[in-house]
Each structure stands twice: as structure tokens, then as C-alpha cells.
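Engineer: query.txt is the file, holding compact mmCIF, C-alpha atoms and all ligand atoms:
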# COMPACT_ATOMS: atom_id res chain seq x y z
CA MET A 1 18.93 7.22 -37.54
CA PRO A 2 18.26 9.24 -34.36
CA ALA A 3 14.66 9.55 -33.26
CA THR A 4 13.05 12.92 -33.85
CA PRO A 5 10.07 14.17 -31.81
CA ALA A 6 7.77 13.43 -34.77
CA TRP A 7 8.96 9.86 -34.95
CA PRO A 8 7.46 7.39 -34.37
CA PRO A 9 4.11 8.89 -35.40
CA ARG A 10 1.22 8.40 -32.99
CA SER A 11 -0.54 6.33 -35.61
CA ALA A 12 2.23 3.70 -35.74
CA PRO A 13 0.82 0.18 -35.35
CA ARG A 14 1.74 -1.73 -32.16
CA LEU A 15 2.79 -5.35 -32.28
CA HIS A 16 3.64 -7.95 -29.66
CA VAL A 17 6.69 -9.95 -30.74
CA PRO A 18 9.03 -12.47 -29.13
CA GLY A 19 11.95 -10.71 -27.44
CA PRO A 20 14.27 -9.66 -26.12
CA LEU A 21 14.24 -6.27 -27.83
CA ALA A 22 17.13 -3.79 -27.78
CA GLU A 23 18.62 -1.11 -30.01
CA GLY A 24 19.56 -2.62 -33.38
CA VAL A 25 17.70 -5.90 -32.86
CA ALA A 26 16.12 -7.09 -36.12
CA VAL A 27 12.75 -8.79 -35.75
CA PRO A 28 11.62 -10.90 -38.72
CA VAL A 29 7.85 -10.80 -39.15
CA ASP A 30 5.74 -13.15 -41.25
CA GLY A 31 2.32 -14.84 -41.13
CA ASN A 32 -0.70 -12.92 -39.85
CA ALA A 33 1.35 -10.07 -38.42
CA ALA A 34 3.07 -9.48 -41.78
CA HIS A 35 -0.28 -9.67 -43.56
CA TYR A 36 -1.66 -7.03 -41.18
CA LEU A 37 1.32 -4.70 -41.61
CA LEU A 38 1.71 -5.10 -45.37
CA SER A 39 -1.81 -5.65 -46.72
CA VAL A 40 -3.95 -3.89 -44.11
CA MET A 41 -1.64 -1.07 -42.94
CA ARG A 42 0.18 -0.86 -46.31
CA MET A 43 3.57 -0.38 -44.67
CA ALA A 44 6.49 0.77 -46.76
CA ASP A 45 10.24 0.75 -46.17
CA GLY A 46 11.14 3.09 -43.31
CA ASP A 47 7.67 3.16 -41.72
CA ALA A 48 7.46 2.89 -37.95
CA VAL A 49 6.02 0.07 -35.85
CA LEU A 50 5.92 -0.01 -32.05
CA LEU A 51 7.09 -3.34 -30.67
CA PHE A 52 6.81 -4.87 -27.20
CA ASP A 53 7.72 -8.29 -25.92
CA GLY A 54 6.55 -8.27 -22.31
CA GLN A 55 10.08 -7.86 -20.94
CA SER A 56 11.95 -5.04 -22.73
CA GLY A 57 9.42 -2.19 -22.70
CA GLU A 58 8.25 -0.69 -25.98
CA TRP A 59 10.52 0.05 -28.94
CA ALA A 60 10.05 2.06 -32.12
CA ALA A 61 11.20 -0.06 -35.02
CA ARG A 62 11.61 0.70 -38.68
CA ALA A 63 10.28 -1.52 -41.46
CA GLY A 64 12.74 -2.84 -44.04
CA SER A 65 13.50 -5.80 -46.35
CA ILE A 66 9.85 -5.81 -47.36
CA ARG A 67 8.76 -8.77 -49.49
CA LYS A 68 5.33 -10.07 -50.38
CA ARG A 69 4.76 -12.04 -47.18
CA ASP A 70 7.45 -10.92 -44.76
CA LEU A 71 9.51 -8.01 -43.58
CA ILE A 72 12.10 -7.10 -40.99
CA LEU A 73 11.53 -4.57 -38.21
CA THR A 74 14.66 -3.06 -36.70
CA CYS A 75 14.46 -1.56 -33.19
CA GLU A 76 15.78 2.00 -33.01
CA VAL A 77 14.72 3.65 -29.80
CA GLN A 78 12.92 2.67 -26.63
CA THR A 79 9.64 4.55 -26.34
CA LYS A 80 8.41 3.14 -22.98
CA PRO A 81 10.04 1.26 -20.13
CA LEU A 82 8.59 -2.07 -19.01
CA GLU A 83 5.31 -1.28 -17.27
CA HIS A 84 4.58 -1.63 -13.60
CA VAL A 85 1.00 -2.71 -13.00
CA PRO A 86 -0.82 -2.78 -9.64
CA ASP A 87 -0.55 -5.98 -7.59
CA PHE A 88 -4.01 -7.30 -8.43
CA ARG A 89 -4.89 -10.89 -9.22
CA LEU A 90 -8.20 -11.81 -10.83
CA CYS A 91 -9.37 -15.25 -9.69
CA VAL A 92 -12.22 -16.38 -11.91
CA ALA A 93 -14.12 -19.59 -12.30
CA PRO A 94 -14.03 -20.77 -15.92
CA ILE A 95 -17.10 -19.64 -17.83
CA LYS A 96 -18.25 -20.20 -21.39
CA LYS A 97 -16.07 -19.34 -24.37
CA GLY A 98 -16.80 -15.83 -25.53
CA ARG A 99 -17.62 -14.73 -21.99
CA ILE A 100 -14.23 -15.77 -20.57
CA ASP A 101 -12.58 -14.22 -23.64
CA LEU A 102 -14.27 -10.95 -22.74
CA VAL A 103 -13.06 -11.17 -19.12
CA VAL A 104 -9.48 -11.81 -20.19
CA GLU A 105 -9.51 -8.99 -22.74
CA LYS A 106 -10.95 -6.48 -20.27
CA ALA A 107 -8.67 -7.63 -17.44
CA CYS A 108 -5.70 -6.91 -19.66
CA GLU A 109 -7.00 -3.45 -20.58
CA LEU A 110 -7.82 -2.63 -16.95
CA GLY A 111 -4.25 -3.38 -15.82
CA VAL A 112 -4.59 -6.74 -14.06
CA ALA A 113 -1.24 -8.36 -13.18
CA GLU A 114 -2.41 -11.99 -13.08
CA ILE A 115 -5.41 -14.02 -14.13
CA GLN A 116 -5.90 -17.13 -12.02
CA PRO A 117 -8.59 -19.54 -13.26
CA VAL A 118 -10.23 -21.37 -10.35
CA LEU A 119 -12.24 -24.57 -10.71
CA THR A 120 -15.39 -24.58 -8.59
CA ARG A 121 -18.18 -27.12 -8.02
CA ARG A 122 -20.77 -25.49 -10.24
CA ALA A 123 -18.44 -24.58 -13.11
CA VAL A 124 -20.02 -25.63 -16.40
CA VAL A 125 -16.65 -25.53 -18.11
CA ASP A 126 -13.63 -27.38 -16.74
CA LYS A 127 -10.99 -26.59 -19.36
CA LEU A 128 -9.75 -23.36 -20.83
CA ASN A 129 -7.88 -22.87 -24.07
CA ALA A 130 -4.79 -21.02 -22.84
CA ASP A 131 -3.56 -20.25 -26.37
CA ARG A 132 -6.85 -18.61 -27.30
CA LEU A 133 -6.94 -16.62 -24.07
CA ARG A 134 -3.34 -15.52 -24.54
CA ALA A 135 -4.19 -14.34 -28.07
CA GLN A 136 -7.00 -12.22 -26.56
CA MET A 137 -4.53 -10.67 -24.13
CA VAL A 138 -1.97 -9.96 -26.85
CA GLU A 139 -4.60 -8.18 -28.94
CA ALA A 140 -5.81 -6.19 -25.94
CA ALA A 141 -2.26 -5.23 -24.96
CA GLU A 142 -1.45 -4.14 -28.52
CA GLN A 143 -4.50 -1.91 -28.55
CA CYS A 144 -4.33 -0.41 -25.05
CA GLY A 145 -0.62 0.37 -24.85
CA ARG A 146 0.45 -2.16 -22.23
CA THR A 147 4.07 -3.23 -22.54
CA GLY A 148 3.44 -6.54 -20.79
CA LEU A 149 0.75 -9.20 -20.63
CA PRO A 150 -1.03 -10.38 -17.51
CA THR A 151 0.30 -13.72 -16.27
CA LEU A 152 -2.19 -16.45 -17.15
CA SER A 153 -1.78 -19.06 -14.44
CA ASP A 154 -2.80 -22.71 -14.65
CA MET A 155 -6.27 -23.50 -13.35
CA VAL A 156 -6.38 -24.61 -9.69
CA PRO A 157 -9.25 -26.17 -7.75
CA LEU A 158 -10.79 -23.76 -5.22
CA PRO A 159 -9.62 -25.71 -2.11
CA LYS A 160 -6.02 -25.53 -3.38
CA LEU A 161 -6.30 -21.81 -4.03
CA LEU A 162 -7.54 -21.26 -0.49
CA SER A 163 -5.06 -23.56 1.27
CA GLY A 164 -2.15 -21.87 -0.49
CA TRP A 165 -3.38 -18.33 0.16
CA THR A 166 -0.55 -15.93 0.99
CA PRO A 167 -1.24 -14.05 4.22
CA GLY A 168 -1.20 -10.32 3.54
CA ARG A 169 -3.02 -10.47 0.22
CA HIS A 170 -6.66 -9.41 0.54
CA LEU A 171 -9.06 -11.83 -1.09
CA PHE A 172 -12.10 -9.82 -2.12
CA PHE A 173 -14.77 -12.44 -2.48
CA ALA A 174 -17.67 -11.40 -4.74
CA ASP A 175 -20.46 -13.08 -2.79
CA GLU A 176 -23.82 -12.88 -4.55
CA GLN A 177 -25.48 -13.49 -1.18
CA GLY A 178 -24.06 -10.32 0.33
CA GLY A 179 -21.02 -8.75 1.95
CA THR A 180 -19.46 -5.38 2.64
CA PRO A 181 -20.33 -2.82 -0.05
CA MET A 182 -17.45 -3.04 -2.51
CA ALA A 183 -16.29 0.60 -2.30
CA ASP A 184 -16.15 0.44 1.53
CA ALA A 185 -14.21 -2.83 1.44
CA PHE A 186 -11.65 -1.47 -1.02
CA ALA A 187 -11.17 1.71 1.05
CA ALA A 188 -10.67 -0.31 4.25
CA HIS A 189 -8.20 -2.81 2.74
CA ARG A 190 -5.41 -1.29 0.68
CA GLY A 191 -2.42 -3.21 -0.66
CA PRO A 192 -1.91 -6.44 -2.64
CA ALA A 193 -5.27 -7.84 -3.58
CA ALA A 194 -7.20 -10.49 -5.43
CA LEU A 195 -10.80 -10.71 -6.54
CA LEU A 196 -12.66 -14.01 -6.59
CA VAL A 197 -15.69 -14.36 -8.85
CA GLY A 198 -17.78 -17.49 -9.24
CA PRO A 199 -19.19 -19.25 -12.31
CA GLU A 200 -22.63 -18.88 -13.92
CA GLY A 201 -24.16 -21.08 -11.21
CA GLY A 202 -22.49 -19.27 -8.30
CA PHE A 203 -20.70 -20.88 -5.36
CA THR A 204 -22.11 -23.72 -3.24
CA ASP A 205 -22.79 -23.00 0.44
CA GLU A 206 -19.77 -25.14 1.40
CA GLU A 207 -17.57 -23.14 -0.96
CA ARG A 208 -18.88 -19.87 0.40
CA ALA A 209 -18.12 -21.01 3.94
CA ALA A 210 -14.62 -22.17 3.00
CA ILE A 211 -13.83 -18.89 1.25
CA ARG A 212 -15.10 -16.85 4.17
CA ALA A 213 -12.90 -18.90 6.53
CA CYS A 214 -9.77 -18.11 4.51
CA ASP A 215 -7.33 -15.73 6.22
CA GLY A 216 -7.53 -12.53 4.16
CA ALA A 217 -11.03 -13.06 2.75
CA VAL A 218 -13.24 -9.98 2.54
CA PRO A 219 -16.74 -10.82 1.27
CA ILE A 220 -18.03 -8.00 -0.91
CA SER A 221 -21.37 -7.09 -2.41
CA LEU A 222 -21.72 -5.69 -5.90
CA GLY A 223 -25.19 -4.37 -5.19
CA PRO A 224 -28.73 -5.70 -5.17
CA ARG A 225 -28.74 -7.23 -8.64
CA ILE A 226 -27.23 -10.59 -9.58
CA LEU A 227 -24.63 -9.85 -12.21
CA ARG A 228 -23.35 -12.25 -14.80
CA ALA A 229 -19.95 -13.59 -13.83
CA GLU A 230 -18.18 -11.59 -16.54
CA THR A 231 -19.97 -8.39 -15.54
CA ALA A 232 -19.01 -8.93 -11.88
CA ALA A 233 -15.37 -9.60 -12.76
CA ILE A 234 -15.01 -6.58 -15.03
CA ALA A 235 -17.00 -4.16 -12.85
CA ALA A 236 -15.23 -5.04 -9.59
CA THR A 237 -11.80 -4.98 -11.24
CA ALA A 238 -12.50 -1.50 -12.63
CA CYS A 239 -13.66 -0.26 -9.21
CA TRP A 240 -10.55 -1.66 -7.49
CA MET A 241 -8.29 -0.05 -10.09
CA ALA A 242 -10.01 3.30 -9.59
CA ALA A 243 -9.83 3.09 -5.78
CA ASN A 244 -6.56 1.26 -5.07
CA GLY A 245 -4.87 0.78 -8.44
CA ASP A 246 -3.08 3.14 -10.82
CA TRP A 247 -5.97 5.25 -12.06
CA GLN A 248 -4.93 8.25 -9.96
N1 LIG A 301 -26.51 -18.23 -10.17
C1 LIG A 301 -26.10 -17.47 -9.05
C2 LIG A 301 -25.41 -16.19 -9.48
C3 LIG A 301 -24.05 -16.37 -10.01
S1 LIG A 301 -23.46 -14.87 -10.62
C4 LIG A 301 -27.30 -17.08 -8.24
O1 LIG A 301 -28.36 -16.97 -8.81
O2 LIG A 301 -27.12 -16.81 -7.06
C5 LIG A 301 -21.77 -15.26 -10.89
C6 LIG A 301 -20.82 -14.68 -9.89
O3 LIG A 301 -20.79 -13.27 -10.01
C7 LIG A 301 -21.12 -14.95 -8.44
O4 LIG A 301 -20.64 -16.20 -8.00
C8 LIG A 301 -20.40 -13.81 -7.73
O5 LIG A 301 -19.02 -14.09 -7.57
C9 LIG A 301 -20.57 -12.67 -8.74
N2 LIG A 301 -21.72 -11.81 -8.44
C10 LIG A 301 -22.80 -11.60 -9.22
N3 LIG A 301 -23.62 -10.68 -8.68
C11 LIG A 301 -23.06 -10.30 -7.51
C12 LIG A 301 -23.41 -9.36 -6.49
N4 LIG A 301 -24.53 -8.65 -6.55
N5 LIG A 301 -22.58 -9.21 -5.43
C13 LIG A 301 -21.43 -9.94 -5.34
N6 LIG A 301 -21.04 -10.83 -6.28
C14 LIG A 301 -21.83 -11.01 -7.35
Could I get this structure in the form of C-alpha cells?
Structural biologist:
Amino acid sequence: MPATPAWPPRSAPRLHVPGPLAEGVAVPVDGNAAHYLLSVMRMADGDAVLLFDGQSGEWAARAGSIRKRDLILTCEVQTKPLEHVPDFRLCVAPIKKGRIDLVVEKACELGVAEIQPVLTRRAVVDKLNADRLRAQMVEAAEQCGRTGLPTLSDMVPLPKLLSGWTPGRHLFFADEQGGTPMADAFAAHRGPAALLVGPEGGFTDEERAAIRACDGAVPISLGPRILRAETAAIAATACWMAANGDWQ
């Protein structure tokens, strides 16, 4: 059936599914997603769902073959191309569960391309649950309209991150002991960027010196107050997006 301007309705639920998606592709849905569509959203045959898979853009699909615990969604028309997000990498030390979940969720909403966990000396957490973090990103992407997910890279120790730093990418280093005011630093250094934020306990002096010695490092200050790591990560990412990202 051809898409009409009123279809899909704005209220159609959005769902991340495995791809690839294309016209006519049938996506079987069961488990939690089916429960959400059938029991919470009370979907009926012919209702619309917006699907995205992180590679094929967003597609309007129609519900069919509805049974108690599963249904089939058939892609009809592409509603968005695959997104292009700004070249911004968020390098964060692992912090406690709940707080890192918040960072990952907000990073996805804010349009971050990649999340790079970085192990530092004072980190109180040395492992992250990638599946749980990915689930946070999927939920955030479903809600905010992204057609892709940020890349969640494997954790690297800080010295490895610094030794492998690509020349040409600015490394905005959130240094709680002071640096260039953030807005000035972002205005002076456009182009591919990364933000580095430390753990609850901050960076050691040796780490701070090593980061500052890295080609591309720009130490920045987020003001006179010491922010929690998650506040620093979210606030600085938002400011970069507003100044140098796609919030124009
Ligand atoms: N315990 C440390 C603070 C750590 S705050 C201390 O008392 O010094 C966690 C991280 O958030 C820091 O490593 C830094 O990357 C960032 N951060 C917090 N407040 C900041 C500020 N005012 N300017 C720059 N970075 C800040």
C-alpha cells in the first residue's frame, strides 16, 4: 500500500530491530518488544511501527500476523535516511552503575558518534556491562529519533588511548584543576573532537601531565565548581554539540 501523508502517524512507536531493512522486508517480533507493542501499545493489524536497525535508516512498517506473543512487521516506506552525526567521541572513565548508564543514555540523545571507556588509575570500577549499556543506548535512540546507535568501544587503559591518539582530532581534556574556559576552547578548535572526563576520584598528577603532553590535547575548565563525572560529561558534550556539532 503506498504511503499517504497521514501515514505513519506521528504517534507510531519506534523500535530498534536487527537489519538490514528494505521495502517488503518482514521483521518477526517476539519477547519484550512484542509485549510492548501488543499489551502496552495495543497494536492491531495494519497499525504502523517505525523501525531502525542502525544501518538502513528508518522505515515505516505495518503490523500483521498478530498472535498472543508475536507479530510480524513489514517495511513499507523509508521515513528517514541513515543519520549523520557529528564526529565527536566521548572518552569517559568507568563510573558506578546508574551513573554510567545516565552518561550513555544522554550521550546517545545528544548525538555522540562514539563512546570510548577509558581505564584510569583512580577508577573505582574496572568493568562495564556492555550489554546493559547497549540496551540504554537502544532505548534512548528509540525515544529521541536517532537512526543509529553510538559505537560503544572496548575499554582501553589511558596510556594506550594517548599513545594511539590520531593527530588532527582535538582532545578536550576536562581538567578539574583548570584549563581554557570550555566555550573559548571549542570556538578556537573546530573539527573532529573528543572529550576526556575522569572518574569520581579525578586524574592523578601523572595522568594529567601525560594527557597534557598528548598532541591534540586542549585542557578545558568547566567552571569553578567540581562537577560529578556524569555531570561534566553530559554538560561538556551538550556545549560542544551546540558550538561545533549539529545543533545549528
Ligand atoms: N575528585 C576530584 C574531582 C573529580 S570530578 C577532585 O576533587 O578533584 C570527575 C571528573 O569530572 C574530573 O576528572 C574532570 O574530568 C571532570 N570535571 C569535574 N569538574 C570539572 C571542572 N570544573 N572543570 C573541568 N573538569 C571537571
Engineer: Please measure the separation of atom CA of A:Asp101 and atom CA of A:Gly54, giving the value in Å to one decimal.
Structural biologist: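 About the pair atom CA of A:Asp101 and atom CA of A:Gly54: they are 20.1 Å apart.
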Engineer: Measuring between all atoms listed in the file, which one of A:Cys144, A:Val29, A:Ala243, A:Leu82 shows the shortest distance to A:Gln55?
Structural biologist: A:Leu82
Engineer: Please list as a PyMOL selection string every residue within 10 Å of stretch 158-174 of chain A, counting all atoms listed in the file and excluding residues in the same chain fewer than 3 positions away.
Structural biologist: chain A and resi 87-91+93+116-121+155+177-180+182+185-186+189-198+202-203+207-208+210-222+229+232-233+236+240
Engineer: With distances taken over all atoms listed in the file, which of A:Ala34, A:Ala26, A:Leu50, A:Ala238 is nearest to A:Ser11?
Structural biologist: A:Leu50
Engineer: In Å, rounded to a single decimal, give me how far atom CA of A:Asn244 is from atom CA of A:Ala188.
Structural biologist: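 Separation between atom CA of A:Ala188 and atom CA of A:Asn244: 10.3 Å.
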Engineer: So which one's closest to ligand LIG 301 (chain A), A:Leu73, A:Ala60, A:Leu128, A:Ala123? Using only C-alpha atoms and all ligand atoms, please.
Structural biologist: A:Ala123
Engineer: Measuring between only C-alpha atoms, which one of A:Leu133, A:Ile95, A:Ile115, A:Val138 shows the shortest distance to A:Glu200?
Structural biologist: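 For A:Glu200, the nearest of the given residues is A:Ile95.
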Engineer: A:Arg69, A:Arg122, A:Arg10, A:Arg132: which is nearest ligand LIG 301 (chain A), counting only C-alpha atoms and all ligand atoms?
Structural biologist: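 Among A:Arg69, A:Arg122, A:Arg10, A:Arg132, it is A:Arg122 that comes nearest to ligand LIG 301 (chain A).
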